[in-house]
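K.L.:
If it helps, the file is called entry.csv and holds CSV, C-alpha atoms and all ligand atoms:
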```csv
chain,number,residue,atom,x,y,z
A,141,MET,CA,-10.5,17.8,12.7
A,142,ALA,CA,-13.5,16.6,14.8
A,143,GLY,CA,-13.5,15.0,18.3
A,144,SER,CA,-16.2,12.8,19.6
A,145,PRO,CA,-16.7,10.6,22.7
A,146,THR,CA,-17.2,7.0,21.5
A,147,ALA,CA,-18.1,5.5,24.9
A,148,GLU,CA,-17.6,6.6,28.5
A,149,GLY,CA,-14.0,7.8,28.9
A,150,ARG,CA,-13.1,7.2,25.3
A,151,GLN,CA,-12.4,10.1,22.9
A,152,ALA,CA,-11.8,9.8,19.2
A,153,ILE,CA,-10.7,12.2,16.5
A,154,ARG,CA,-10.2,12.2,12.8
A,155,ILE,CA,-7.2,14.3,11.7
A,156,LEU,CA,-5.4,15.2,8.5
A,157,ALA,CA,-1.6,15.0,8.2
A,158,PRO,CA,-0.8,17.3,5.3
A,159,ALA,CA,2.3,17.1,3.1
A,160,LYS,CA,4.7,20.1,3.3
A,161,LEU,CA,6.7,21.8,0.6
A,162,ASN,CA,10.0,23.6,1.0
A,163,LEU,CA,9.9,26.9,-0.8
A,164,GLY,CA,13.7,27.2,-0.8
A,165,LEU,CA,16.1,25.5,1.5
A,166,ARG,CA,19.5,27.0,2.4
A,167,VAL,CA,22.1,25.1,4.3
A,168,VAL,CA,23.8,27.6,6.5
A,169,GLY,CA,26.0,25.5,8.7
A,170,VAL,CA,26.8,22.0,10.0
A,171,ARG,CA,26.6,21.1,13.7
A,172,ASN,CA,29.2,19.0,15.6
A,173,ASP,CA,26.7,16.0,15.6
A,174,GLY,CA,26.6,16.2,11.7
A,175,TYR,CA,23.1,17.7,11.5
A,176,HIS,CA,22.8,20.6,9.1
A,177,CYS,CA,21.5,24.1,10.0
A,178,LEU,CA,18.9,25.3,7.6
A,179,GLU,CA,16.8,28.2,6.5
A,180,SER,CA,13.6,27.2,4.7
A,181,VAL,CA,10.0,28.3,4.2
A,182,PHE,CA,7.8,25.3,4.9
A,183,VAL,CA,4.2,25.4,3.6
A,184,PRO,CA,1.5,22.8,4.1
A,185,LEU,CA,-0.3,21.4,1.0
A,186,ASP,CA,-3.9,20.3,0.4
A,187,TRP,CA,-2.7,16.7,0.0
A,188,ALA,CA,-2.7,14.6,3.2
A,189,ASP,CA,-2.7,11.3,5.0
A,190,GLU,CA,-5.6,10.7,7.3
A,191,LEU,CA,-5.6,9.4,10.9
A,192,TRP,CA,-8.3,8.2,13.2
A,193,VAL,CA,-7.0,8.4,16.8
A,194,GLU,CA,-8.8,7.0,19.8
A,195,ALA,CA,-7.6,7.4,23.3
A,196,VAL,CA,-8.9,5.5,26.4
A,197,PRO,CA,-7.5,7.1,29.6
A,198,ASN,CA,-6.8,5.2,32.8
A,199,ARG,CA,-5.8,2.0,31.0
A,200,THR,CA,-2.7,-0.2,30.9
A,201,PRO,CA,-0.6,1.6,28.3
A,202,GLU,CA,-1.2,0.0,24.9
A,203,VAL,CA,-0.9,0.9,21.2
A,204,ASP,CA,-3.2,-0.6,18.6
A,205,PHE,CA,-1.9,0.5,15.2
A,206,GLU,CA,-3.1,-0.3,11.7
A,207,MET,CA,-2.1,1.2,8.5
A,208,LYS,CA,-3.7,0.9,5.0
A,209,ARG,CA,-3.2,2.6,1.7
A,210,ALA,CA,-5.8,4.9,0.3
A,211,GLU,CA,-7.0,3.9,-3.2
A,212,ASP,CA,-5.4,7.1,-4.6
A,213,ALA,CA,-2.1,6.6,-2.6
A,214,VAL,CA,1.1,7.5,-4.4
A,215,GLN,CA,3.9,5.0,-3.7
A,216,THR,CA,7.6,5.3,-4.1
A,217,ARG,CA,9.4,2.5,-5.8
A,218,ALA,CA,11.3,0.1,-3.5
A,219,ILE,CA,10.1,1.8,-0.3
A,220,GLU,CA,8.0,-0.2,2.1
A,221,ILE,CA,6.5,2.1,4.7
A,222,PRO,CA,6.8,0.2,8.1
A,223,ASP,CA,3.3,-0.9,9.2
A,224,GLY,CA,4.2,-1.7,12.8
A,225,GLU,CA,6.3,-0.4,15.7
A,226,MET,CA,8.9,1.3,13.4
A,227,ASN,CA,6.3,3.5,11.9
A,228,LEU,CA,6.8,7.1,13.0
A,229,ALA,CA,3.2,7.5,14.0
A,230,HIS,CA,3.4,4.4,16.2
A,231,ARG,CA,6.6,5.8,17.8
A,232,ALA,CA,4.9,9.2,18.4
A,233,VAL,CA,2.2,7.5,20.4
A,234,ARG,CA,4.7,5.5,22.5
A,235,GLY,CA,6.7,8.7,23.0
A,236,PHE,CA,3.5,10.5,24.1
A,237,ILE,CA,2.6,7.8,26.6
A,238,GLU,CA,6.1,7.6,28.1
A,239,ALA,CA,6.5,11.4,28.4
A,240,SER,CA,3.0,12.2,29.7
A,241,ASP,CA,1.6,11.8,33.2
A,242,CYS,CA,-1.3,9.8,31.9
A,243,SER,CA,-1.9,6.1,31.6
A,244,LEU,CA,-3.8,5.4,28.4
A,245,ALA,CA,-4.5,3.0,25.6
A,246,VAL,CA,-4.4,4.4,22.1
A,247,ARG,CA,-5.8,3.1,18.9
A,248,ILE,CA,-4.6,4.6,15.6
A,249,ARG,CA,-5.9,3.9,12.0
A,250,LEU,CA,-3.6,5.5,9.5
A,251,THR,CA,-4.6,5.9,5.8
A,252,LYS,CA,-1.5,6.6,3.7
A,253,ARG,CA,-1.8,8.7,0.7
A,254,LEU,CA,1.6,10.5,0.6
A,255,PRO,CA,4.7,8.9,-0.9
A,256,ALA,CA,7.7,8.1,1.4
A,257,ALA,CA,11.3,9.4,0.8
A,258,ALA,CA,9.9,12.1,-1.5
A,259,GLY,CA,10.8,15.3,0.4
A,260,LEU,CA,7.2,16.0,1.4
A,261,GLY,CA,7.5,15.1,5.1
A,262,GLY,CA,4.8,12.4,5.0
A,263,GLY,CA,6.1,10.3,7.9
A,264,SER,CA,6.9,13.4,10.0
A,265,SER,CA,3.4,14.8,9.3
A,266,ASP,CA,1.8,11.6,10.6
A,267,ALA,CA,3.8,11.8,13.8
A,268,GLY,CA,2.9,15.5,14.2
A,269,ALA,CA,-0.8,14.7,13.6
A,270,VAL,CA,-0.7,12.0,16.3
A,271,LEU,CA,0.7,14.5,18.8
A,272,ARG,CA,-1.8,17.2,17.9
A,273,ALA,CA,-4.7,14.7,18.2
A,274,LEU,CA,-3.6,13.4,21.6
A,275,ASN,CA,-3.1,16.9,22.9
A,276,GLN,CA,-6.6,17.8,21.8
A,277,LEU,CA,-8.1,14.6,23.2
A,278,LEU,CA,-6.2,14.8,26.5
A,279,PRO,CA,-5.5,18.5,27.2
A,280,GLY,CA,-2.9,18.9,29.9
A,281,CYS,CA,-1.5,15.4,29.7
A,282,LEU,CA,1.7,16.6,28.1
A,283,ALA,CA,3.1,20.0,28.7
A,284,PRO,CA,3.7,22.0,25.4
A,285,GLU,CA,7.5,22.2,26.0
A,286,ARG,CA,7.7,18.4,26.5
A,287,CYS,CA,5.6,17.9,23.4
A,288,ARG,CA,7.9,20.0,21.3
A,289,HIS,CA,10.9,18.2,22.8
A,290,LEU,CA,9.3,14.8,21.9
A,291,ALA,CA,8.6,16.1,18.3
A,292,CYS,CA,12.3,17.0,17.8
A,293,GLU,CA,13.4,13.6,19.1
A,294,LEU,CA,11.1,11.9,16.6
A,295,GLY,CA,12.6,13.8,13.7
A,296,ALA,CA,14.1,17.2,12.7
A,297,ASP,CA,10.9,18.4,10.9
A,298,VAL,CA,8.2,16.9,13.1
A,299,ALA,CA,7.9,20.1,15.2
A,300,PHE,CA,6.6,22.0,12.1
A,301,PHE,CA,3.7,19.5,11.9
A,302,LEU,CA,2.5,20.3,15.5
A,303,ASP,CA,0.8,23.3,13.9
A,304,PRO,CA,1.3,23.1,10.1
A,305,ARG,CA,1.0,26.6,8.6
A,306,PRO,CA,3.4,28.6,6.4
A,307,ALA,CA,6.6,29.3,8.5
A,308,LEU,CA,10.2,30.3,8.3
A,309,VAL,CA,12.0,27.2,9.7
A,310,THR,CA,15.6,27.4,11.0
A,311,GLY,CA,17.9,25.5,13.3
A,312,ILE,CA,17.9,21.9,12.1
A,313,GLY,CA,14.2,22.2,11.4
A,314,GLU,CA,12.9,22.8,15.0
A,315,GLN,CA,12.7,26.6,15.1
A,316,ILE,CA,9.5,27.7,13.6
A,317,ASP,CA,8.3,31.3,13.0
A,318,PRO,CA,4.8,31.4,11.4
A,319,LEU,CA,4.4,33.6,8.4
A,320,GLU,CA,1.1,35.5,8.2
A,321,ASP,CA,-0.3,36.8,4.8
A,322,TRP,CA,1.4,34.1,2.8
A,323,PRO,CA,0.2,33.9,-0.8
A,324,ILE,CA,-1.8,30.8,-2.0
A,325,LEU,CA,0.2,29.0,-4.7
A,326,HIS,CA,-1.0,26.7,-7.5
A,327,LEU,CA,1.5,23.9,-8.0
A,328,LEU,CA,2.3,20.9,-10.1
A,329,LEU,CA,4.3,18.4,-8.1
A,330,ALA,CA,6.4,15.9,-10.1
A,331,ASN,CA,8.7,13.0,-9.2
A,332,PRO,CA,10.7,10.6,-11.4
A,333,GLY,CA,9.6,7.8,-9.0
A,334,ASP,CA,13.0,7.3,-7.3
A,335,ALA,CA,13.3,7.3,-3.5
A,336,LEU,CA,15.9,9.7,-2.2
A,337,SER,CA,17.1,9.1,1.4
A,338,THR,CA,17.5,12.3,3.4
A,339,PRO,CA,20.7,11.2,5.1
A,340,GLU,CA,22.3,10.2,1.8
A,341,VAL,CA,21.4,13.5,0.2
A,342,PHE,CA,22.9,15.4,3.1
A,343,ALA,CA,26.0,13.2,2.9
A,344,ALA,CA,26.3,14.0,-0.8
A,345,TRP,CA,25.9,17.7,0.1
A,346,ASP,CA,28.8,17.3,2.6
A,347,GLU,CA,31.0,15.9,-0.2
A,348,LEU,CA,30.0,18.6,-2.7
A,349,SER,CA,29.9,21.5,-0.4
A,350,VAL,CA,33.7,21.7,-0.4
A,351,SER,CA,33.5,23.0,-4.0
A,352,LEU,CA,30.3,25.1,-3.5
A,353,THR,CA,29.8,28.5,-2.1
A,354,GLN,CA,27.9,28.1,1.2
A,355,SER,CA,24.8,30.1,1.8
A,356,ARG,CA,25.0,32.9,4.3
A,357,SER,CA,22.5,32.9,7.2
A,358,GLY,CA,19.8,35.4,6.5
A,359,SER,CA,19.8,34.9,2.7
A,360,THR,CA,16.1,33.9,2.9
A,361,LEU,CA,14.9,37.0,4.6
A,362,GLY,CA,15.0,39.5,1.7
A,363,PRO,CA,12.6,37.7,-0.6
A,364,LEU,CA,10.4,36.8,2.4
A,365,SER,CA,9.6,40.3,3.3
A,366,ALA,CA,8.8,41.2,-0.3
A,367,LEU,CA,6.4,38.2,-0.6
A,368,ARG,CA,4.3,38.7,2.5
A,369,GLY,CA,1.1,40.5,1.6
A,370,ALA,CA,2.3,41.0,-2.0
A,371,SER,CA,-0.3,41.3,-4.8
A,372,ALA,CA,-0.7,38.3,-7.1
A,373,SER,CA,1.3,39.9,-9.9
A,374,ALA,CA,4.2,41.0,-7.6
A,375,ILE,CA,5.1,37.6,-6.1
A,376,TRP,CA,7.1,36.1,-9.0
A,377,ASP,CA,10.5,37.9,-8.7
A,378,PRO,CA,10.8,37.4,-4.9
A,379,LEU,CA,9.5,33.8,-5.2
A,380,ALA,CA,12.1,33.0,-7.8
A,381,GLU,CA,14.7,34.4,-5.4
A,382,LEU,CA,13.4,32.4,-2.5
A,383,VAL,CA,13.0,29.0,-4.3
A,384,VAL,CA,16.7,28.1,-4.2
A,385,ASN,CA,17.4,24.6,-2.7
A,386,ASP,CA,21.1,24.1,-1.7
A,387,LEU,CA,20.4,20.3,-1.7
A,388,GLU,CA,19.5,20.3,-5.4
A,389,PRO,CA,23.0,19.5,-6.8
A,390,ALA,CA,23.4,16.7,-4.2
A,391,ALA,CA,19.9,15.2,-5.1
A,392,LYS,CA,20.7,15.5,-8.8
A,393,ARG,CA,23.9,13.6,-8.3
A,394,LEU,CA,21.9,10.7,-6.8
A,395,CYS,CA,19.0,11.0,-9.1
A,396,PRO,CA,20.1,12.4,-12.5
A,397,GLY,CA,16.5,12.2,-13.9
A,398,LEU,CA,15.6,15.2,-11.7
A,399,SER,CA,17.0,17.8,-14.1
A,400,GLY,CA,14.8,16.6,-17.0
A,401,VAL,CA,11.7,16.8,-14.9
A,402,MET,CA,12.5,20.3,-13.8
A,403,ASP,CA,13.2,21.4,-17.4
A,404,GLN,CA,9.8,20.0,-18.4
A,405,LEU,CA,8.0,22.0,-15.7
A,406,SER,CA,9.7,25.2,-17.0
A,407,GLN,CA,8.9,24.4,-20.6
A,408,LEU,CA,5.3,23.7,-19.6
A,409,GLY,CA,4.8,27.3,-18.3
A,410,ALA,CA,5.8,27.2,-14.6
A,411,ARG,CA,6.8,30.7,-13.5
A,412,VAL,CA,9.1,29.2,-10.8
A,413,VAL,CA,10.5,25.7,-10.5
A,414,GLY,CA,12.1,24.2,-7.3
A,415,MET,CA,12.8,21.0,-5.4
A,416,SER,CA,11.2,20.2,-2.0
A,417,GLY,CA,13.4,19.1,0.9
A,418,SER,CA,15.9,16.5,-0.1
A,419,GLY,CA,13.9,15.5,-3.2
A,420,ALA,CA,13.0,13.8,-5.3
A,421,THR,CA,9.7,15.7,-5.6
A,422,VAL,CA,10.1,18.9,-7.6
A,423,PHE,CA,7.4,21.5,-8.3
A,424,GLY,CA,6.4,24.2,-10.7
A,425,VAL,CA,4.4,27.2,-9.5
A,426,TYR,CA,1.8,28.3,-12.0
A,427,GLU,CA,-0.3,31.4,-12.4
A,428,SER,CA,-3.6,29.4,-12.1
A,429,LEU,CA,-5.0,26.0,-11.5
A,430,GLU,CA,-5.9,25.8,-15.2
A,431,GLU,CA,-2.2,26.4,-16.2
A,432,ALA,CA,-1.0,23.7,-13.7
A,433,ASN,CA,-3.7,21.4,-15.0
A,434,LYS,CA,-2.6,21.9,-18.6
A,435,ALA,CA,1.0,21.3,-17.7
A,436,GLN,CA,0.0,18.0,-15.9
A,437,SER,CA,-1.7,16.8,-19.1
A,438,GLN,CA,1.5,17.3,-21.1
A,439,ILE,CA,4.3,16.2,-18.7
A,440,ALA,CA,6.0,13.0,-19.6
A,441,LEU,CA,7.4,11.0,-16.7
A,442,GLY,CA,8.7,7.4,-16.9
A,443,GLY,CA,6.7,4.4,-15.7
A,444,THR,CA,7.3,4.9,-12.0
A,445,GLY,CA,7.1,8.7,-12.1
A,446,TRP,CA,4.1,10.6,-10.8
A,447,SER,CA,2.6,14.1,-10.9
A,448,ARG,CA,0.0,15.8,-8.8
A,449,LEU,CA,-1.8,19.1,-8.7
A,450,ALA,CA,-1.6,20.8,-5.3
A,451,ARG,CA,-2.3,24.1,-3.6
A,452,THR,CA,-0.6,25.6,-0.6
A,453,LEU,CA,-2.7,26.1,2.6
A,454,SER,CA,-2.7,29.0,5.0
A,455,ALA,CA,-3.2,26.5,7.8
A,456,GLY,CA,-3.0,22.7,8.0
B,1,LIG,O1,15.8,14.0,12.0
B,1,LIG,P1,15.5,13.0,10.9
B,1,LIG,O2,15.5,11.6,11.3
B,1,LIG,O3,14.4,13.4,10.1
B,1,LIG,O4,16.8,13.2,9.9
B,1,LIG,C1,17.2,12.1,9.1
B,1,LIG,C2,18.7,12.4,8.7
B,1,LIG,O5,18.8,13.5,7.9
B,1,LIG,C3,19.6,12.7,9.9
B,1,LIG,O6,20.1,11.6,10.5
B,1,LIG,C4,20.7,13.5,9.3
B,1,LIG,O7,21.6,12.7,8.6
B,1,LIG,C5,20.0,14.3,8.1
B,1,LIG,N1,19.6,15.7,8.5
B,1,LIG,C6,20.5,16.6,8.6
B,1,LIG,N2,20.2,17.9,9.0
B,1,LIG,C7,18.9,18.2,9.2
B,1,LIG,C8,17.9,17.2,9.1
B,1,LIG,C9,18.3,16.0,8.7
B,1,LIG,O8,21.7,16.4,8.4
B,1,LIG,N3,18.6,19.5,9.5
```
Translate the structure described by the file into structure tokens.
Ligand code: C5P

P.N.:
Amino acid sequence: MAGSPTAEGRQAIRILAPAKLNLGLRVVGVRNDGYHCLESVFVPLDWADELWVEAVPNRTPEVDFEMKRAEDAVQTRAIEIPDGEMNLAHRAVRGFIEASDCSLAVRIRLTKRLPAAAGLGGGSSDAGAVLRALNQLLPGCLAPERCRHLACELGADVAFFLDPRPALVTGIGEQIDPLEDWPILHLLLANPGDALSTPEVFAAWDELSVSLTQSRSGSTLGPLSALRGASASAIWDPLAELVVNDLEPAAKRLCPGLSGVMDQLSQLGARVVGMSGSGATVFGVYESLEEANKAQSQIALGGTGWSRLARTLSAG
């Protein structure tokens, strides 16, 4: 991230909005408002959207927003990412202007690379990046507590993207405890190409959960302590224990093709296989980049499916 004055009073910054992966996701309760209480390890990935954010203070509040697709963007079939006021990055700017004590005009150029409705947090990450950028350009304009509140209003997992680094995430996604000494993982991400709507996956979980044993709060903590600071050879058993996603049966009900993709990742040498968020992106964790690369060259996904190599980051 780099900030630079572009003219008197103007400040601009280029910022990356990384995808996140959920290494395990346990549903540990349901709130009265229907939101689900979670326990999950969120990690940022080296795959990101890109934003250019320019702020001009002491101006009539105004948002100038443009979105374009990167040449290497991955798109989800049948999903049109809103390119105007409904875009979450646009809403984050308006929220910042309304909640802050500053009058400012903001120009945003968003380059999309991450697929939507894929369980990777792309839209939330754009919103988090906008708030990070504006906080850096205009320190003191929005108190940290108000900024966190705004992030939660924009979406359950936007708060993670205010400072994307490996973290244990609880509540409905807004309680974040950073994890130090987190191992770097080599991944192959794969997706059959179908969009999965988060509310629909949670609703399918509600229906199925009657017949499923619910996770107990705290089930994530055992493997977590074994993983932190572990040597490369000692990560696999606790990682396999951690990477359990309670939303997987619900996602597979809505997207039956997921099982076959996960089976392929295992057959192609993944030590651990899991699903991110509410899907439909699944991942294999490999011993090395070479192993992940070999798996990618052999995986067979239908016409709309995609795969991508990725690495976890220790900070976004
Ligand atoms: O907060 P956000 O807009 O990202 O969430 C989208 C939908 O996903 C919510 O309206 C809710 O149906 C569901 N959700 C949930 N529990 C969470 C997060 C999201 O039920 N912890």

K.L.:
Figure out the distance between atom CA of Asp223 of chain A and atom CA of Thr200 of chain A, please, to one decimal in Å.

P.N.:
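The value is 22.5 Å.
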
K.L.:
Would you write out, as a Markdown table, a table of all residues in chain A that have an atom no more than 10 Å from an atom of ligand LIG 1 (chain B), listing for each the closest atom pair and the distance in Å to one decimal, considering all atoms listed in the file and ordering rows by chain and rising residue number?

P.N.:
```
| residue | atom | partner | partner_atom | distance |
| --- | --- | --- | --- | --- |
| A:Val167 | CA | B:LIG1 | N3 | 8.4 |
| A:Gly169 | CA | B:LIG1 | N3 | 9.6 |
| A:Val170 | CA | B:LIG1 | O8 | 7.7 |
| A:Arg171 | CA | B:LIG1 | N2 | 8.6 |
| A:Asp173 | CA | B:LIG1 | O8 | 8.8 |
| A:Gly174 | CA | B:LIG1 | O8 | 5.9 |
| A:Tyr175 | CA | B:LIG1 | O8 | 3.6 |
| A:His176 | CA | B:LIG1 | N2 | 3.7 |
| A:Cys177 | CA | B:LIG1 | N3 | 5.5 |
| A:Leu178 | CA | B:LIG1 | N3 | 6.1 |
| A:Glu179 | CA | B:LIG1 | N3 | 9.4 |
| A:Leu228 | CA | B:LIG1 | O2 | 9.9 |
| A:Gly261 | CA | B:LIG1 | O3 | 8.7 |
| A:Gly263 | CA | B:LIG1 | O3 | 9.1 |
| A:Ser264 | CA | B:LIG1 | O3 | 7.5 |
| A:Ala291 | CA | B:LIG1 | O1 | 9.8 |
| A:Cys292 | CA | B:LIG1 | O1 | 7.4 |
| A:Glu293 | CA | B:LIG1 | O1 | 7.5 |
| A:Leu294 | CA | B:LIG1 | O2 | 6.9 |
| A:Gly295 | CA | B:LIG1 | O1 | 3.6 |
| A:Ala296 | CA | B:LIG1 | O1 | 3.7 |
| A:Asp297 | CA | B:LIG1 | O3 | 6.2 |
| A:Val298 | CA | B:LIG1 | O3 | 7.7 |
| A:Thr310 | CA | B:LIG1 | N3 | 8.6 |
| A:Gly311 | CA | B:LIG1 | N3 | 7.1 |
| A:Ile312 | CA | B:LIG1 | N3 | 3.6 |
| A:Gly313 | CA | B:LIG1 | N3 | 5.5 |
| A:Glu314 | CA | B:LIG1 | N3 | 8.6 |
| A:Ser337 | CA | B:LIG1 | O5 | 8.0 |
| A:Thr338 | CA | B:LIG1 | O5 | 4.8 |
| A:Pro339 | CA | B:LIG1 | O7 | 3.9 |
| A:Glu340 | CA | B:LIG1 | O7 | 7.3 |
| A:Val341 | CA | B:LIG1 | C5 | 8.1 |
| A:Phe342 | CA | B:LIG1 | O8 | 5.5 |
| A:Ala343 | CA | B:LIG1 | O7 | 7.2 |
| A:Trp345 | CA | B:LIG1 | O8 | 9.4 |
| A:Asp346 | CA | B:LIG1 | O8 | 9.2 |
| A:Gly417 | CA | B:LIG1 | C8 | 9.5 |
| A:Ser418 | CA | B:LIG1 | O5 | 9.0 |
```

K.L.:
Check which residues of segment 187-274 of chain A sit at most 12 Å from segment 326-330 of chain A using all atoms listed in the file, and return one row each with the closest pair of atoms and their distance in Å to one decimal, ordered by chain and rising number, as a tab-separated table.

P.N.:
```
residue	atom	partner	partner_atom	distance
A:Trp187	CA	A:Leu329	CA	10.8
A:Val214	CA	A:Ala330	CA	11.5
A:Pro255	CA	A:Ala330	CA	11.7
A:Ala258	CA	A:Ala330	CA	10.0
A:Gly259	CA	A:Leu329	CA	11.1
A:Leu260	CA	A:Leu329	CA	10.2
```

K.L.:
At a cut-off of 8 Å, using all atoms listed in the file, what residues contact Leu250 of chain A? Leave out same-chain residues fewer than 4 positions from it and give the result as an mmCIF file with C-alpha atoms, keeping the file's coordinate frame.

P.N.:
```cif
data_model
loop_
_atom_site.group_PDB
_atom_site.id
_atom_site.type_symbol
_atom_site.label_atom_id
_atom_site.label_comp_id
_atom_site.auth_asym_id
_atom_site.auth_seq_id
_atom_site.Cartn_x
_atom_site.Cartn_y
_atom_site.Cartn_z
ATOM 1 C CA ASP A 189 -2.700 11.300 5.000
ATOM 2 C CA GLU A 190 -5.600 10.700 7.300
ATOM 3 C CA LEU A 191 -5.600 9.400 10.900
ATOM 4 C CA TRP A 192 -8.300 8.200 13.200
ATOM 5 C CA PHE A 205 -1.900 0.500 15.200
ATOM 6 C CA GLU A 206 -3.100 -0.300 11.700
ATOM 7 C CA MET A 207 -2.100 1.200 8.500
ATOM 8 C CA LYS A 208 -3.700 0.900 5.000
#
```

K.L.:
Write out as an MDAnalysis selection string which residues come within 9 Å of segment 265-281 of chain A when counting only C-alpha atoms, dropping same-chain ones fewer than 3 positions away.

P.N.:
chainID A and resid 141 143 151:160 188:195 197 227:233 236 240:242 248 250 260:262 284 287 291 294 297:304

K.L.:
Would you write out those residues with C-alpha atoms, as a CSV table (one decimal), in the coordinates of the input?

P.N.:
```csv
chain,number,residue,atom,x,y,z
A,141,MET,CA,-10.5,17.8,12.7
A,143,GLY,CA,-13.5,15.0,18.3
A,151,GLN,CA,-12.4,10.1,22.9
A,152,ALA,CA,-11.8,9.8,19.2
A,153,ILE,CA,-10.7,12.2,16.5
A,154,ARG,CA,-10.2,12.2,12.8
A,155,ILE,CA,-7.2,14.3,11.7
A,156,LEU,CA,-5.4,15.2,8.5
A,157,ALA,CA,-1.6,15.0,8.2
A,158,PRO,CA,-0.8,17.3,5.3
A,159,ALA,CA,2.3,17.1,3.1
A,160,LYS,CA,4.7,20.1,3.3
A,188,ALA,CA,-2.7,14.6,3.2
A,189,ASP,CA,-2.7,11.3,5.0
A,190,GLU,CA,-5.6,10.7,7.3
A,191,LEU,CA,-5.6,9.4,10.9
A,192,TRP,CA,-8.3,8.2,13.2
A,193,VAL,CA,-7.0,8.4,16.8
A,194,GLU,CA,-8.8,7.0,19.8
A,195,ALA,CA,-7.6,7.4,23.3
A,197,PRO,CA,-7.5,7.1,29.6
A,227,ASN,CA,6.3,3.5,11.9
A,228,LEU,CA,6.8,7.1,13.0
A,229,ALA,CA,3.2,7.5,14.0
A,230,HIS,CA,3.4,4.4,16.2
A,231,ARG,CA,6.6,5.8,17.8
A,232,ALA,CA,4.9,9.2,18.4
A,233,VAL,CA,2.2,7.5,20.4
A,236,PHE,CA,3.5,10.5,24.1
A,240,SER,CA,3.0,12.2,29.7
A,241,ASP,CA,1.6,11.8,33.2
A,242,CYS,CA,-1.3,9.8,31.9
A,248,ILE,CA,-4.6,4.6,15.6
A,250,LEU,CA,-3.6,5.5,9.5
A,260,LEU,CA,7.2,16.0,1.4
A,261,GLY,CA,7.5,15.1,5.1
A,262,GLY,CA,4.8,12.4,5.0
A,284,PRO,CA,3.7,22.0,25.4
A,287,CYS,CA,5.6,17.9,23.4
A,291,ALA,CA,8.6,16.1,18.3
A,294,LEU,CA,11.1,11.9,16.6
A,297,ASP,CA,10.9,18.4,10.9
A,298,VAL,CA,8.2,16.9,13.1
A,299,ALA,CA,7.9,20.1,15.2
A,300,PHE,CA,6.6,22.0,12.1
A,301,PHE,CA,3.7,19.5,11.9
A,302,LEU,CA,2.5,20.3,15.5
A,303,ASP,CA,0.8,23.3,13.9
A,304,PRO,CA,1.3,23.1,10.1
```

K.L.:
I'd like the contact shell of segment 444-451 of chain A - 7 Å cut-off, all atoms listed in the file, skipping same-chain residues fewer than 2 positions apart - returned as a list in words.

P.N.:
Leu185, Asp186, Trp187, Arg217, Ile324, Leu325, His326, Leu327, Leu328, Leu329, Ala330, Asn331, Pro332, Gly333, Ala432, Asn433, Gln436, Leu441, Gly442 and Leu453 of chain A

K.L.:
Between A:Asp212, A:Asp321, A:Arg150, A:Gly164, which is the closest to Val246 of chain A once you count only C-alpha atoms?

P.N.:
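The closest residue to Val246 of chain A is A:Arg150.
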
K.L.:
Which is closer to Arg253 of chain A than all the others in A:Asp386, A:Glu202, A:Glu211, A:Glu430, using only C-alpha atoms?

P.N.:
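Answer, going by the shortest atom-to-atom distance: A:Glu211.
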
K.L.:
Between atom CA of Leu254 of chain A and atom CA of Thr452 of chain A, measure the distance and give it in Å to one decimal.

P.N.:
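About the pair atom CA of Leu254 of chain A and atom CA of Thr452 of chain A: they are 15.3 Å apart.
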
K.L.:
Could you make a table, as a Markdown table, of the residues of segment 389-443 of chain A that have an atom within 10 Å of an atom of segment 373-383 of chain A, each with its nearest atom pair and distance in Å to one decimal, counting all atoms listed in the file, in chain and number order?

P.N.:
```
| residue | atom | partner | partner_atom | distance |
| --- | --- | --- | --- | --- |
| A:Arg411 | CA | A:Trp376 | CA | 7.0 |
| A:Val412 | CA | A:Ala380 | CA | 5.7 |
| A:Val413 | CA | A:Val383 | CA | 7.5 |
| A:Gly414 | CA | A:Val383 | CA | 5.7 |
| A:Met415 | CA | A:Val383 | CA | 8.1 |
| A:Ser416 | CA | A:Val383 | CA | 9.3 |
| A:Val425 | CA | A:Trp376 | CA | 9.3 |
| A:Tyr426 | CA | A:Trp376 | CA | 9.9 |
| A:Glu427 | CA | A:Ser373 | CA | 9.0 |
```

K.L.:
Would you mind exporting C-alpha atoms of the selected residues as an mmCIF file, keeping the file's coordinate frame?

P.N.:
```cif
data_model
loop_
_atom_site.group_PDB
_atom_site.id
_atom_site.type_symbol
_atom_site.label_atom_id
_atom_site.label_comp_id
_atom_site.auth_asym_id
_atom_site.auth_seq_id
_atom_site.Cartn_x
_atom_site.Cartn_y
_atom_site.Cartn_z
ATOM 1 C CA ARG A 411 6.800 30.700 -13.500
ATOM 2 C CA VAL A 412 9.100 29.200 -10.800
ATOM 3 C CA VAL A 413 10.500 25.700 -10.500
ATOM 4 C CA GLY A 414 12.100 24.200 -7.300
ATOM 5 C CA MET A 415 12.800 21.000 -5.400
ATOM 6 C CA SER A 416 11.200 20.200 -2.000
ATOM 7 C CA VAL A 425 4.400 27.200 -9.500
ATOM 8 C CA TYR A 426 1.800 28.300 -12.000
ATOM 9 C CA GLU A 427 -0.300 31.400 -12.400
#
```

K.L.:
For atom CA of Gly224 of chain A and atom CA of Arg247 of chain A, quote the distance in Å rounded to one decimal.

P.N.:
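Straight-line distance from atom CA of Gly224 of chain A to atom CA of Arg247 of chain A works out to 12.7 Å.
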
K.L.:
Leaving out Cys395 of chain A and any residue of its chain fewer than 5 positions from it, which residues lie within 10 Å of it when counting all atoms listed in the file, given as a short mmCIF file (atom, residue, chain, number, x, y, z; two decimals) with C-alpha atoms, in the frame of the given file?

P.N.:
```cif
data_model
loop_
_atom_site.label_atom_id
_atom_site.label_comp_id
_atom_site.auth_asym_id
_atom_site.auth_seq_id
_atom_site.Cartn_x
_atom_site.Cartn_y
_atom_site.Cartn_z
CA PRO A 332 10.70 10.60 -11.40
CA GLY A 333 9.60 7.80 -9.00
CA ASP A 334 13.00 7.30 -7.30
CA ALA A 335 13.30 7.30 -3.50
CA LEU A 336 15.90 9.70 -2.20
CA VAL A 341 21.40 13.50 0.20
CA PRO A 389 23.00 19.50 -6.80
CA ALA A 390 23.40 16.70 -4.20
CA GLY A 419 13.90 15.50 -3.20
CA ALA A 420 13.00 13.80 -5.30
#
```
